[in-house]
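Here the structure is laid out as structure tokens; the discussion comes afterwards.
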Amino acid sequence: MQFEKTETFKNLARSFAGECQAGMRYQMLAKLAMNEKLKTLSDALRTIAKNETLHATQFFNKIQEKAGSCDNIEFDAGYPFHAGTLVEGLKFAERDEKDESEDIYPTFAQTAQKEGFNDIAALYRMVADVERQHKIIFNYLANAVKSGTLYKSDKPLLWICSECGYMHVANEAWKICPLCKAEQGYVELHLPFEGVRE
Ligand SMILES: [Fe+2]
Ligand SMILES: [Fe+2]
């Protein structure tokens with residue numbers, strides 16, 4: 001079957017658009033974080049934004065590989081459009097990543113498999129795993145920012161200044177770095193990580 005006639009072709013175009021938008025939303029979120037002087041949070045959001053643009057590139061490349069250039073790709077799709085505070089943005093992001101990792105990409109992987117594109121199915125599964133980890137990070141960040149516990153812990157943790165490298169073990173990070181005077185928002189985050197599948 002001609003690739004342009006498959007559902008996978010449209011799914012790739014949908015995914016490319018979705019990942020571009022996610023990358024843009026997270027860059028805007030990173031800006032909001034910077035407005036609140038949360039530098040390492042902003043950096044983490046920019047890293048996730050970069051991940052999304054790399055996903056977009058992979059989907060773009062698959063379209064190019066199978067169909068070459070296309071003047072116009074017609075498809076129906078809906079995309080989230082959220083506005084709000086930093087915490088709201090992090091919450092929305094968690095929900096979007098959940099939808100992608102638990103619903104959208106697994107479905108696209110199944111469709112690709114059915115249509116005989118094992119390589120594209122594998123790509124969707126790999127990207128879904130990353131989005132699942134993004135969901136975990138956004139969930140943690142939304143709660144930590146909301147409750148003011150980004151730099152607090154029940155048990156002592158190693159805190160590191162991202163500017164000068166100063167280190168200290170405590171239940172809470174310093175407000176101002178004793179060495180370089182950078183503010184608390186420059187302290188490295190403790191992002192959660194759940195293992196990938198075997
Ligand atoms: Fe992504
Ligand atoms: Fe993601």
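Here, A, B, ... name the chains of the structure tokens in the order displayed, residue numbers run from 1 inside each chain, and ligands are numbered from 1 in the same displayed order.
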
Requested in this report: Write out as a ChimeraX atom specification which residues come within 12 Å of region 152-157 of chain A when counting only C-alpha atoms, dropping same-chain ones fewer than 6 positions away.
Outcome: /A:144-145,167-175,184,187-190

Query raised in the report: What lies within 8 Å of region 75-92 of chain A using only C-alpha atoms, ignoring chain neighbours under 6 positions off, as a list in words?
Result: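 Using only C-alpha atoms, the neighbours found are Lys10, Ala13, Arg14, Gly18, Leu29, Leu32, Ala33, Phe138, Asn139, Leu141, Ala142, Asn143, Val145 and Lys146 of chain A.
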
Requested in this report: Set the cut-off to 7 Å, count only C-alpha atoms and all ligand atoms, and list whatever residues fall near ligand 1 as a list in words.
Outcome: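 Protein and nucleic-acid residues within 7 Å of ligand 1: Glu19, Asn51, Glu52, His55, Val127 and Glu131 of chain A.
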
Create the file for the chosen residues now, containing C-alpha atoms and written as an mmCIF file, in the first residue's frame.
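result-v1.cif was written with the following content:
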data_model
loop_
_atom_site.group_PDB
_atom_site.id
_atom_site.type_symbol
_atom_site.label_atom_id
_atom_site.label_comp_id
_atom_site.auth_asym_id
_atom_site.auth_seq_id
_atom_site.Cartn_x
_atom_site.Cartn_y
_atom_site.Cartn_z
ATOM 1 C CA GLU A 19 5.981 17.225 19.642
ATOM 2 C CA ASN A 51 13.725 15.978 24.141
ATOM 3 C CA GLU A 52 10.393 16.847 22.500
ATOM 4 C CA HIS A 55 11.094 13.350 19.062
ATOM 5 C CA VAL A 127 9.150 7.672 22.676
ATOM 6 C CA GLU A 131 7.041 10.540 27.839
#

Query raised in the report: Can you tell me how far CA of Leu158 (chain A) sits from CA of Arg132 (chain A), in Å to one decimal?
Result: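 Separation of CA of Leu158 (chain A) and CA of Arg132 (chain A): 26.2 Å.
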
Report task. Using only C-alpha atoms and all ligand atoms, find each residue with an atom at most 10 Å away from ligand 2 and format the answer as a list of chain:residue names. Result ->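 If we count only C-alpha atoms and all ligand atoms, the neighbours of ligand 2 turn out to be A:Glu19, A:Ala22, A:Gly23, A:Tyr26, A:Ile48, A:Ala49, A:Lys50, A:Asn51, A:Glu52, A:Thr53, A:His55, A:Ala93, A:Glu94, A:Asp96, A:Glu97, A:Lys98, A:Glu100, A:Ser101, A:Val127, A:Ala128, A:Asp129, A:Val130, A:Glu131, A:Arg132, A:Gln133, A:His134, A:Lys135, A:Ile137, A:Phe138.
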
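Taking only C-alpha atoms into account, Gly148 (chain A) lies nearest to A:Gly185 out of the set A:Gly185, A:Gln21, A:Met34, A:Gln110.
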
Query raised in the report: For Glu65 (chain A), which of A:Leu12, A:Leu179, A:Ala122, A:Cys161 is the closest residue, counting only C-alpha atoms?
Result: A:Leu12

**Report entry** Computed interatomic separation between CA of Leu123 (chain A) and CA of Phe59 (chain A) (Å)
**Finding:**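 Taking CA of Leu123 (chain A) and CA of Phe59 (chain A), their separation equals 8.5 Å.
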
Extract, using only C-alpha atoms, all DNA, RNA and protein residues at most 6 Å from region 118-121 of chain A, discarding same-chain residues fewer than 5 positions from it, and format them as a PDB file with all heavy atoms, in the first residue's frame.
ATOM      1  N   ALA A 109       1.491   2.988  17.963  1.00  0.00           N
ATOM      2  CA  ALA A 109       2.420   1.854  17.797  1.00  0.00           C
ATOM      3  C   ALA A 109       1.662   0.634  17.276  1.00  0.00           C
ATOM      4  O   ALA A 109       2.123  -0.048  16.352  1.00  0.00           O
ATOM      5  CB  ALA A 109       3.099   1.533  19.127  1.00  0.00           C
ATOM      6  N   ALA A 112       0.772   1.117  13.636  1.00  0.00           N
ATOM      7  CA  ALA A 112       1.962   0.956  12.791  1.00  0.00           C
ATOM      8  C   ALA A 112       2.288  -0.530  12.622  1.00  0.00           C
ATOM      9  O   ALA A 112       2.612  -0.986  11.526  1.00  0.00           O
ATOM     10  CB  ALA A 112       3.143   1.707  13.397  1.00  0.00           C
ATOM     11  N   GLN A 113       2.185  -1.255  13.728  1.00  0.00           N
ATOM     12  CA  GLN A 113       2.441  -2.701  13.694  1.00  0.00           C
ATOM     13  C   GLN A 113       1.471  -3.384  12.720  1.00  0.00           C
ATOM     14  O   GLN A 113       1.879  -4.191  11.877  1.00  0.00           O
ATOM     15  CB  GLN A 113       2.240  -3.262  15.109  1.00  0.00           C
ATOM     16  CG  GLN A 113       2.845  -4.634  15.330  1.00  0.00           C
ATOM     17  CD  GLN A 113       4.303  -4.541  15.756  1.00  0.00           C
ATOM     18  OE1 GLN A 113       4.636  -3.787  16.669  1.00  0.00           O
ATOM     19  NE2 GLN A 113       5.161  -5.277  15.090  1.00  0.00           N
TER      20      GLN A 113
END

Query raised in the report: Can you tell me, as a VMD selection string, what residues are no more than 8 Å from Thr8 (chain A) when counting only C-alpha atoms, ignoring any on the same chain fewer than 6 positions away?
Result: chain A and resid 108 111 to 112 115

**Report entry** CA of Arg95 (chain A) to CA of Asn11 (chain A), straight-line distance in Å
**Finding:** 20.0 Å

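The list of residues with at least one atom within 12 Å of Gly68 (chain A), based on only C-alpha atoms and without residues fewer than 5 positions apart in the same chain, reads Phe3, Glu4, Phe9, Phe60, Asn61, Lys62, Ile63 and Ile73 of chain A.
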
Query raised in the report: Which parts of chain A does DSSP call strand (DSSP E or B) when run on the backbone here, written out as a ChimeraX atom specification?
Result: /A:152-161,167-172,176,183,187

Query - Residue list (alpha helix (DSSP H), DSSP) for region 6-186 of chain A, as number ranges by chain - result: A: 7-35, 39-67, 86-99, 105-114, 118-147
